[in-house]
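Trainee: Data: data18.txt, compact mmCIF, all heavy atoms.
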```txt
# COMPACT_ATOMS: atom_id res chain seq x y z
N MET A 13 51.30 -4.84 -135.11
CA MET A 13 50.92 -4.22 -136.36
C MET A 13 52.07 -4.38 -137.35
O MET A 13 53.23 -4.20 -137.00
CB MET A 13 50.60 -2.74 -136.12
CG MET A 13 50.21 -2.01 -137.37
SD MET A 13 49.77 -0.31 -137.06
CE MET A 13 48.02 -0.47 -136.88
N ASN A 14 51.72 -4.68 -138.57
CA ASN A 14 52.72 -4.88 -139.61
C ASN A 14 53.08 -3.53 -140.22
O ASN A 14 52.29 -2.90 -140.91
CB ASN A 14 52.16 -5.83 -140.68
CG ASN A 14 53.21 -6.27 -141.65
OD1 ASN A 14 54.30 -5.71 -141.69
ND2 ASN A 14 52.89 -7.29 -142.41
N TRP A 15 54.29 -3.07 -139.96
CA TRP A 15 54.72 -1.74 -140.41
C TRP A 15 54.93 -1.67 -141.91
O TRP A 15 54.86 -0.59 -142.50
CB TRP A 15 55.98 -1.31 -139.68
CG TRP A 15 55.68 -1.00 -138.24
CD1 TRP A 15 56.01 -1.75 -137.17
CD2 TRP A 15 54.92 0.10 -137.74
NE1 TRP A 15 55.52 -1.19 -136.01
CE2 TRP A 15 54.85 -0.04 -136.34
CE3 TRP A 15 54.30 1.19 -138.32
CZ2 TRP A 15 54.18 0.87 -135.53
CZ3 TRP A 15 53.64 2.10 -137.51
CH2 TRP A 15 53.59 1.93 -136.13
N ASP A 16 55.16 -2.79 -142.56
CA ASP A 16 55.29 -2.80 -144.02
C ASP A 16 53.97 -2.41 -144.68
O ASP A 16 53.95 -1.69 -145.68
CB ASP A 16 55.74 -4.16 -144.52
CG ASP A 16 57.19 -4.45 -144.16
OD1 ASP A 16 57.95 -3.48 -143.97
OD2 ASP A 16 57.55 -5.64 -144.07
N ILE A 17 52.86 -2.87 -144.11
CA ILE A 17 51.55 -2.51 -144.65
C ILE A 17 51.30 -1.03 -144.44
O ILE A 17 50.81 -0.34 -145.34
CB ILE A 17 50.45 -3.36 -143.99
CG1 ILE A 17 50.59 -4.82 -144.40
CG2 ILE A 17 49.07 -2.83 -144.36
CD1 ILE A 17 49.64 -5.75 -143.70
N VAL A 18 51.64 -0.50 -143.28
CA VAL A 18 51.46 0.92 -142.99
C VAL A 18 52.30 1.76 -143.96
O VAL A 18 51.81 2.75 -144.51
CB VAL A 18 51.82 1.24 -141.52
CG1 VAL A 18 51.77 2.74 -141.27
CG2 VAL A 18 50.89 0.50 -140.57
N LYS A 19 53.53 1.37 -144.18
CA LYS A 19 54.38 2.09 -145.12
C LYS A 19 53.80 2.04 -146.53
O LYS A 19 53.81 3.05 -147.24
CB LYS A 19 55.79 1.50 -145.13
CG LYS A 19 56.61 1.80 -143.92
CD LYS A 19 57.98 1.15 -144.07
CE LYS A 19 58.78 1.23 -142.80
NZ LYS A 19 60.08 0.54 -142.94
N GLY A 20 53.31 0.90 -146.93
CA GLY A 20 52.71 0.76 -148.26
C GLY A 20 51.49 1.65 -148.44
O GLY A 20 51.32 2.28 -149.48
N VAL A 21 50.65 1.71 -147.42
CA VAL A 21 49.46 2.56 -147.48
C VAL A 21 49.87 4.02 -147.55
O VAL A 21 49.29 4.80 -148.32
CB VAL A 21 48.53 2.28 -146.28
CG1 VAL A 21 47.44 3.32 -146.19
CG2 VAL A 21 47.93 0.88 -146.38
N LEU A 22 50.85 4.43 -146.76
CA LEU A 22 51.30 5.81 -146.80
C LEU A 22 51.90 6.18 -148.15
O LEU A 22 51.64 7.27 -148.68
CB LEU A 22 52.32 6.06 -145.69
CG LEU A 22 51.76 6.11 -144.27
CD1 LEU A 22 52.89 6.25 -143.26
CD2 LEU A 22 50.77 7.24 -144.12
N ILE A 23 52.68 5.29 -148.72
CA ILE A 23 53.24 5.54 -150.04
C ILE A 23 52.13 5.66 -151.08
O ILE A 23 52.16 6.54 -151.95
CB ILE A 23 54.25 4.43 -150.42
CG1 ILE A 23 55.50 4.55 -149.54
CG2 ILE A 23 54.60 4.49 -151.89
CD1 ILE A 23 56.45 3.39 -149.68
N LEU A 24 51.12 4.81 -150.97
CA LEU A 24 50.00 4.86 -151.90
C LEU A 24 49.24 6.18 -151.76
O LEU A 24 48.87 6.80 -152.76
CB LEU A 24 49.08 3.67 -151.66
CG LEU A 24 47.91 3.51 -152.62
CD1 LEU A 24 48.43 3.28 -154.03
CD2 LEU A 24 47.04 2.36 -152.19
N LEU A 25 49.01 6.62 -150.53
CA LEU A 25 48.32 7.89 -150.31
C LEU A 25 49.11 9.07 -150.88
O LEU A 25 48.53 9.98 -151.48
CB LEU A 25 48.05 8.10 -148.82
CG LEU A 25 46.96 7.24 -148.21
CD1 LEU A 25 46.90 7.44 -146.71
CD2 LEU A 25 45.62 7.55 -148.84
N VAL A 26 50.40 9.07 -150.69
CA VAL A 26 51.24 10.14 -151.22
C VAL A 26 51.20 10.14 -152.74
O VAL A 26 51.10 11.19 -153.38
CB VAL A 26 52.69 10.02 -150.69
CG1 VAL A 26 53.63 10.94 -151.44
CG2 VAL A 26 52.72 10.31 -149.21
N ALA A 27 51.25 8.96 -153.35
CA ALA A 27 51.22 8.86 -154.80
C ALA A 27 49.90 9.35 -155.37
O ALA A 27 49.87 10.11 -156.35
CB ALA A 27 51.48 7.42 -155.23
N VAL A 28 48.79 8.98 -154.74
CA VAL A 28 47.48 9.43 -155.20
C VAL A 28 47.34 10.93 -155.03
O VAL A 28 46.82 11.63 -155.91
CB VAL A 28 46.36 8.66 -154.47
CG1 VAL A 28 45.01 9.28 -154.72
CG2 VAL A 28 46.37 7.20 -154.87
N SER A 29 47.82 11.46 -153.92
CA SER A 29 47.77 12.91 -153.69
C SER A 29 48.60 13.66 -154.72
O SER A 29 48.18 14.69 -155.24
CB SER A 29 48.27 13.25 -152.29
OG SER A 29 47.45 12.67 -151.32
N ALA A 30 49.77 13.16 -155.02
CA ALA A 30 50.63 13.81 -156.02
C ALA A 30 49.99 13.76 -157.40
O ALA A 30 50.04 14.75 -158.15
CB ALA A 30 52.00 13.14 -156.05
N LEU A 31 49.36 12.66 -157.73
CA LEU A 31 48.69 12.55 -159.02
C LEU A 31 47.51 13.51 -159.11
O LEU A 31 47.32 14.18 -160.12
CB LEU A 31 48.22 11.11 -159.23
CG LEU A 31 47.63 10.77 -160.58
CD1 LEU A 31 48.67 10.96 -161.68
CD2 LEU A 31 47.12 9.35 -160.58
N GLY A 32 46.74 13.60 -158.04
CA GLY A 32 45.63 14.55 -158.01
C GLY A 32 46.10 15.98 -158.13
O GLY A 32 45.49 16.79 -158.84
N MET A 33 47.19 16.31 -157.46
CA MET A 33 47.74 17.67 -157.54
C MET A 33 48.22 17.96 -158.96
O MET A 33 48.03 19.07 -159.46
CB MET A 33 48.88 17.82 -156.55
CG MET A 33 49.46 19.22 -156.52
SD MET A 33 48.29 20.48 -156.01
CE MET A 33 48.11 20.11 -154.30
N ALA A 34 48.80 16.97 -159.61
CA ALA A 34 49.27 17.17 -160.99
C ALA A 34 48.09 17.46 -161.91
O ALA A 34 48.18 18.34 -162.78
CB ALA A 34 50.04 15.94 -161.46
N PHE A 35 46.98 16.75 -161.73
CA PHE A 35 45.81 17.00 -162.56
C PHE A 35 45.25 18.40 -162.31
O PHE A 35 44.82 19.07 -163.24
CB PHE A 35 44.72 15.95 -162.32
CG PHE A 35 44.97 14.66 -163.03
CD1 PHE A 35 45.01 13.47 -162.31
CD2 PHE A 35 45.17 14.61 -164.38
CE1 PHE A 35 45.24 12.27 -162.95
CE2 PHE A 35 45.40 13.41 -165.04
CZ PHE A 35 45.44 12.24 -164.33
N VAL A 36 45.23 18.83 -161.06
CA VAL A 36 44.73 20.18 -160.75
C VAL A 36 45.62 21.23 -161.40
O VAL A 36 45.13 22.19 -161.99
CB VAL A 36 44.64 20.39 -159.22
CG1 VAL A 36 44.44 21.86 -158.88
CG2 VAL A 36 43.52 19.56 -158.63
N LEU A 37 46.92 21.06 -161.31
CA LEU A 37 47.83 22.06 -161.86
C LEU A 37 47.81 22.08 -163.39
O LEU A 37 48.05 23.13 -164.00
CB LEU A 37 49.25 21.80 -161.36
CG LEU A 37 49.46 22.05 -159.87
CD1 LEU A 37 50.87 21.65 -159.47
CD2 LEU A 37 49.19 23.49 -159.51
N MET A 38 47.52 20.94 -164.02
CA MET A 38 47.50 20.88 -165.48
C MET A 38 46.18 21.35 -166.07
O MET A 38 46.12 21.73 -167.23
CB MET A 38 47.79 19.46 -165.97
CG MET A 38 49.21 19.05 -165.76
SD MET A 38 49.68 17.44 -166.44
CE MET A 38 48.21 16.48 -166.44
N SER A 39 45.12 21.35 -165.29
CA SER A 39 43.82 21.74 -165.82
C SER A 39 43.75 23.26 -165.98
O SER A 39 44.51 24.01 -165.39
CB SER A 39 42.70 21.27 -164.90
OG SER A 39 42.72 21.99 -163.71
N ALA A 40 42.82 23.68 -166.80
CA ALA A 40 42.63 25.12 -167.03
C ALA A 40 42.11 25.77 -165.76
O ALA A 40 41.09 25.36 -165.21
CB ALA A 40 41.65 25.33 -168.17
N SER A 41 42.83 26.74 -165.28
CA SER A 41 42.52 27.48 -164.05
C SER A 41 42.34 26.56 -162.85
O SER A 41 41.56 26.84 -161.96
CB SER A 41 41.29 28.37 -164.23
OG SER A 41 40.10 27.62 -164.32
N GLY A 42 43.04 25.45 -162.84
CA GLY A 42 42.96 24.49 -161.75
C GLY A 42 43.34 25.05 -160.39
O GLY A 42 42.60 24.89 -159.42
N PRO A 43 44.49 25.75 -160.30
CA PRO A 43 44.85 26.32 -159.00
C PRO A 43 43.84 27.35 -158.49
O PRO A 43 43.57 27.41 -157.29
CB PRO A 43 46.20 26.97 -159.27
CG PRO A 43 46.78 26.23 -160.42
CD PRO A 43 45.58 25.87 -161.26
N ASP A 44 43.23 28.12 -159.40
CA ASP A 44 42.21 29.09 -158.98
C ASP A 44 40.98 28.39 -158.42
O ASP A 44 40.43 28.79 -157.40
CB ASP A 44 41.80 29.98 -160.15
CG ASP A 44 42.93 30.86 -160.63
OD1 ASP A 44 43.81 31.20 -159.79
OD2 ASP A 44 42.94 31.21 -161.81
N LYS A 45 40.56 27.31 -159.10
CA LYS A 45 39.39 26.58 -158.64
C LYS A 45 39.68 25.86 -157.32
O LYS A 45 38.83 25.84 -156.43
CB LYS A 45 38.94 25.57 -159.69
CG LYS A 45 38.32 26.24 -160.90
CD LYS A 45 37.86 25.23 -161.92
CE LYS A 45 37.26 25.93 -163.12
NZ LYS A 45 36.80 24.99 -164.13
N ALA A 46 40.87 25.30 -157.19
CA ALA A 46 41.23 24.63 -155.93
C ALA A 46 41.27 25.64 -154.79
O ALA A 46 40.82 25.35 -153.68
CB ALA A 46 42.57 23.93 -156.08
N GLY A 47 41.78 26.83 -155.05
CA GLY A 47 41.80 27.87 -154.03
C GLY A 47 40.41 28.31 -153.65
O GLY A 47 40.11 28.55 -152.48
N CYS A 48 39.53 28.42 -154.64
CA CYS A 48 38.15 28.81 -154.37
C CYS A 48 37.46 27.75 -153.50
O CYS A 48 36.75 28.08 -152.55
CB CYS A 48 37.38 29.00 -155.67
SG CYS A 48 35.65 29.44 -155.43
N ILE A 49 37.68 26.49 -153.81
CA ILE A 49 37.08 25.41 -153.01
C ILE A 49 37.60 25.45 -151.58
O ILE A 49 36.84 25.32 -150.63
CB ILE A 49 37.36 24.05 -153.67
CG1 ILE A 49 36.61 23.95 -154.99
CG2 ILE A 49 36.97 22.90 -152.75
CD1 ILE A 49 37.01 22.76 -155.83
N ALA A 50 38.90 25.67 -151.42
CA ALA A 50 39.48 25.72 -150.07
C ALA A 50 38.91 26.90 -149.28
O ALA A 50 38.56 26.75 -148.11
CB ALA A 50 41.00 25.83 -150.17
N ARG A 51 38.81 28.06 -149.92
CA ARG A 51 38.24 29.24 -149.23
C ARG A 51 36.78 29.02 -148.87
O ARG A 51 36.32 29.42 -147.80
CB ARG A 51 38.40 30.48 -150.09
CG ARG A 51 39.81 31.01 -150.15
CD ARG A 51 39.89 32.38 -150.82
NE ARG A 51 39.30 32.40 -152.16
CZ ARG A 51 39.92 32.05 -153.27
NH1 ARG A 51 41.17 31.63 -153.22
NH2 ARG A 51 39.31 32.12 -154.43
N ALA A 52 36.02 28.38 -149.78
CA ALA A 52 34.61 28.13 -149.52
C ALA A 52 34.43 27.17 -148.34
O ALA A 52 33.58 27.41 -147.47
CB ALA A 52 33.94 27.57 -150.78
N LEU A 53 35.22 26.11 -148.31
CA LEU A 53 35.12 25.17 -147.20
C LEU A 53 35.53 25.82 -145.89
O LEU A 53 34.92 25.59 -144.85
CB LEU A 53 35.98 23.94 -147.47
CG LEU A 53 35.47 23.01 -148.58
CD1 LEU A 53 36.50 21.93 -148.86
CD2 LEU A 53 34.14 22.39 -148.18
N LYS A 54 36.56 26.66 -145.94
CA LYS A 54 37.04 27.33 -144.73
C LYS A 54 36.01 28.31 -144.19
O LYS A 54 35.87 28.48 -142.98
CB LYS A 54 38.36 28.04 -145.03
CG LYS A 54 39.03 28.63 -143.84
CD LYS A 54 40.36 29.25 -144.20
CE LYS A 54 41.03 29.86 -143.00
NZ LYS A 54 42.29 30.52 -143.36
N SER A 55 35.26 28.94 -145.09
CA SER A 55 34.29 29.95 -144.64
C SER A 55 32.96 29.33 -144.24
O SER A 55 32.07 30.05 -143.80
CB SER A 55 34.08 31.00 -145.72
OG SER A 55 33.48 30.41 -146.85
N GLY A 56 32.80 28.03 -144.43
CA GLY A 56 31.61 27.36 -143.93
C GLY A 56 30.50 27.21 -144.96
O GLY A 56 29.37 26.91 -144.60
N ILE A 57 30.79 27.39 -146.23
CA ILE A 57 29.78 27.20 -147.26
C ILE A 57 29.50 25.70 -147.38
O ILE A 57 30.42 24.90 -147.42
CB ILE A 57 30.26 27.77 -148.61
CG1 ILE A 57 30.38 29.29 -148.50
CG2 ILE A 57 29.34 27.38 -149.75
CD1 ILE A 57 30.96 29.95 -149.71
N PRO A 58 28.22 25.31 -147.43
CA PRO A 58 27.90 23.88 -147.55
C PRO A 58 28.49 23.28 -148.82
O PRO A 58 28.58 23.93 -149.86
CB PRO A 58 26.37 23.86 -147.61
CG PRO A 58 25.95 25.15 -146.99
CD PRO A 58 27.02 26.13 -147.30
N VAL A 59 28.88 22.04 -148.72
CA VAL A 59 29.55 21.36 -149.84
C VAL A 59 28.65 21.34 -151.08
O VAL A 59 29.14 21.48 -152.20
CB VAL A 59 29.94 19.92 -149.42
CG1 VAL A 59 30.51 19.15 -150.59
CG2 VAL A 59 30.94 19.96 -148.28
N GLY A 60 27.36 21.23 -150.90
CA GLY A 60 26.45 21.19 -152.04
C GLY A 60 26.38 22.49 -152.83
O GLY A 60 25.95 22.50 -153.97
N HIS A 61 26.82 23.59 -152.24
CA HIS A 61 26.75 24.90 -152.91
C HIS A 61 28.08 25.32 -153.52
O HIS A 61 28.14 26.34 -154.20
CB HIS A 61 26.30 25.98 -151.92
CG HIS A 61 24.92 25.75 -151.39
ND1 HIS A 61 23.80 26.09 -152.09
CD2 HIS A 61 24.50 25.16 -150.25
CE1 HIS A 61 22.73 25.76 -151.39
NE2 HIS A 61 23.13 25.19 -150.27
N ILE A 62 29.11 24.56 -153.31
CA ILE A 62 30.44 24.95 -153.80
C ILE A 62 30.47 24.99 -155.33
O ILE A 62 31.13 25.84 -155.91
CB ILE A 62 31.53 24.03 -153.22
CG1 ILE A 62 31.67 24.31 -151.74
CG2 ILE A 62 32.85 24.23 -153.92
CD1 ILE A 62 32.66 23.45 -151.03
N GLU A 63 29.73 24.09 -155.98
CA GLU A 63 29.71 24.11 -157.46
C GLU A 63 29.26 25.44 -157.99
O GLU A 63 29.84 25.98 -158.93
CB GLU A 63 28.77 23.02 -157.97
CG GLU A 63 29.26 21.62 -157.80
CD GLU A 63 28.25 20.61 -158.32
OE1 GLU A 63 27.07 20.99 -158.54
OE2 GLU A 63 28.63 19.46 -158.49
N ARG A 64 28.21 26.01 -157.37
CA ARG A 64 27.69 27.30 -157.85
C ARG A 64 28.57 28.45 -157.41
O ARG A 64 28.79 29.38 -158.18
CB ARG A 64 26.26 27.49 -157.35
CG ARG A 64 25.29 26.62 -158.12
CD ARG A 64 23.91 26.83 -157.63
NE ARG A 64 23.77 26.02 -156.42
CZ ARG A 64 22.74 26.04 -155.62
NH1 ARG A 64 21.74 26.84 -155.87
NH2 ARG A 64 22.68 25.26 -154.56
N VAL A 65 29.08 28.39 -156.20
CA VAL A 65 29.90 29.50 -155.69
C VAL A 65 31.19 29.64 -156.48
O VAL A 65 31.60 30.73 -156.84
CB VAL A 65 30.20 29.29 -154.17
CG1 VAL A 65 31.23 30.29 -153.70
CG2 VAL A 65 28.92 29.40 -153.36
N CYS A 66 31.81 28.52 -156.78
CA CYS A 66 33.10 28.56 -157.50
C CYS A 66 32.94 28.39 -159.01
O CYS A 66 33.93 28.31 -159.72
CB CYS A 66 34.01 27.45 -156.95
SG CYS A 66 34.48 27.71 -155.24
N ARG A 67 31.71 28.32 -159.49
CA ARG A 67 31.43 28.17 -160.91
C ARG A 67 32.20 26.99 -161.51
O ARG A 67 32.91 27.12 -162.50
CB ARG A 67 31.77 29.45 -161.67
CG ARG A 67 30.96 30.62 -161.22
CD ARG A 67 31.31 31.84 -162.02
NE ARG A 67 30.71 33.00 -161.38
CZ ARG A 67 31.33 34.16 -161.24
NH1 ARG A 67 32.54 34.32 -161.71
NH2 ARG A 67 30.73 35.15 -160.65
N LEU A 68 32.02 25.83 -160.91
CA LEU A 68 32.73 24.63 -161.36
C LEU A 68 32.05 23.99 -162.57
O LEU A 68 32.69 23.26 -163.32
CB LEU A 68 32.84 23.61 -160.23
CG LEU A 68 33.62 24.06 -159.00
CD1 LEU A 68 33.60 22.97 -157.95
CD2 LEU A 68 35.03 24.44 -159.36
N LEU A 69 30.78 24.25 -162.74
CA LEU A 69 30.04 23.66 -163.85
C LEU A 69 30.07 24.63 -165.03
O LEU A 69 29.78 25.81 -164.88
CB LEU A 69 28.60 23.37 -163.45
CG LEU A 69 28.43 22.40 -162.29
CD1 LEU A 69 26.95 22.28 -161.93
CD2 LEU A 69 28.98 21.05 -162.64
N ASP A 70 30.40 24.12 -166.19
CA ASP A 70 30.41 24.94 -167.40
C ASP A 70 29.04 24.89 -168.04
O ASP A 70 28.63 23.87 -168.57
CB ASP A 70 31.47 24.44 -168.39
CG ASP A 70 32.87 24.60 -167.84
OD1 ASP A 70 33.10 25.56 -167.09
OD2 ASP A 70 33.74 23.76 -168.17
N LYS A 71 28.33 25.99 -167.98
CA LYS A 71 26.99 26.05 -168.58
C LYS A 71 26.94 27.18 -169.57
O LYS A 71 27.56 28.15 -169.49
CB LYS A 71 25.93 26.26 -167.52
CG LYS A 71 25.73 25.03 -166.67
CD LYS A 71 24.58 25.22 -165.74
CE LYS A 71 24.36 23.96 -164.93
NZ LYS A 71 23.24 24.09 -164.03
```
Just dump the structure as structure tokens.
Mentor:
Amino acid sequence: MNWDIVKGVLILLVAVSALGMAFVLMSASGPDKAGCIARALKSGIPVGHIERVCRLLDK
């Protein structure tokens, strides 16, 4: 196995994760929404219902 490729993929994953975290922290109430999603997934709420449970859609 080529370890340079593995290192490159890991670096890419870390960079994408950091960028996603930055967007969540910069958005309005991003940390609250991320926490709500994490709690909903942990408690077993189906993924299709998370939008309504956490009020992710602005209507």
Trainee: Just how far from CA of Pro43 (chain A) is CB of Ser55 (chain A), in Å to one decimal?
Mentor: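 Interatomic distance, CB of Ser55 (chain A) to CA of Pro43 (chain A): 17.7 Å.
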Trainee: Check the smallest atom-to-atom distance from each of A:Ile62, A:Val21, A:Leu68, A:Val28 to Gly42 (chain A) using only C-alpha atoms, then report the winner.
Mentor: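 The answer is A:Leu68, which sits nearest to Gly42 (chain A).
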Trainee: Using Å and a single decimal, report how far CA of Ala46 (chain A) sits from CA of Ala27 (chain A).
Mentor: 18.7 Å
Trainee: Please measure the separation of atom O of Leu37 (chain A) and atom C of Arg67 (chain A), giving the value in Å to one decimal.
Mentor: 16.5 Å
Trainee: Please give the complete set of residues from chain A that DSSP, run on the backbone, assigns to alpha helix (DSSP H), formatted as an NGL selection string.
Mentor: :A and (15-38 or 42-55 or 62-65)
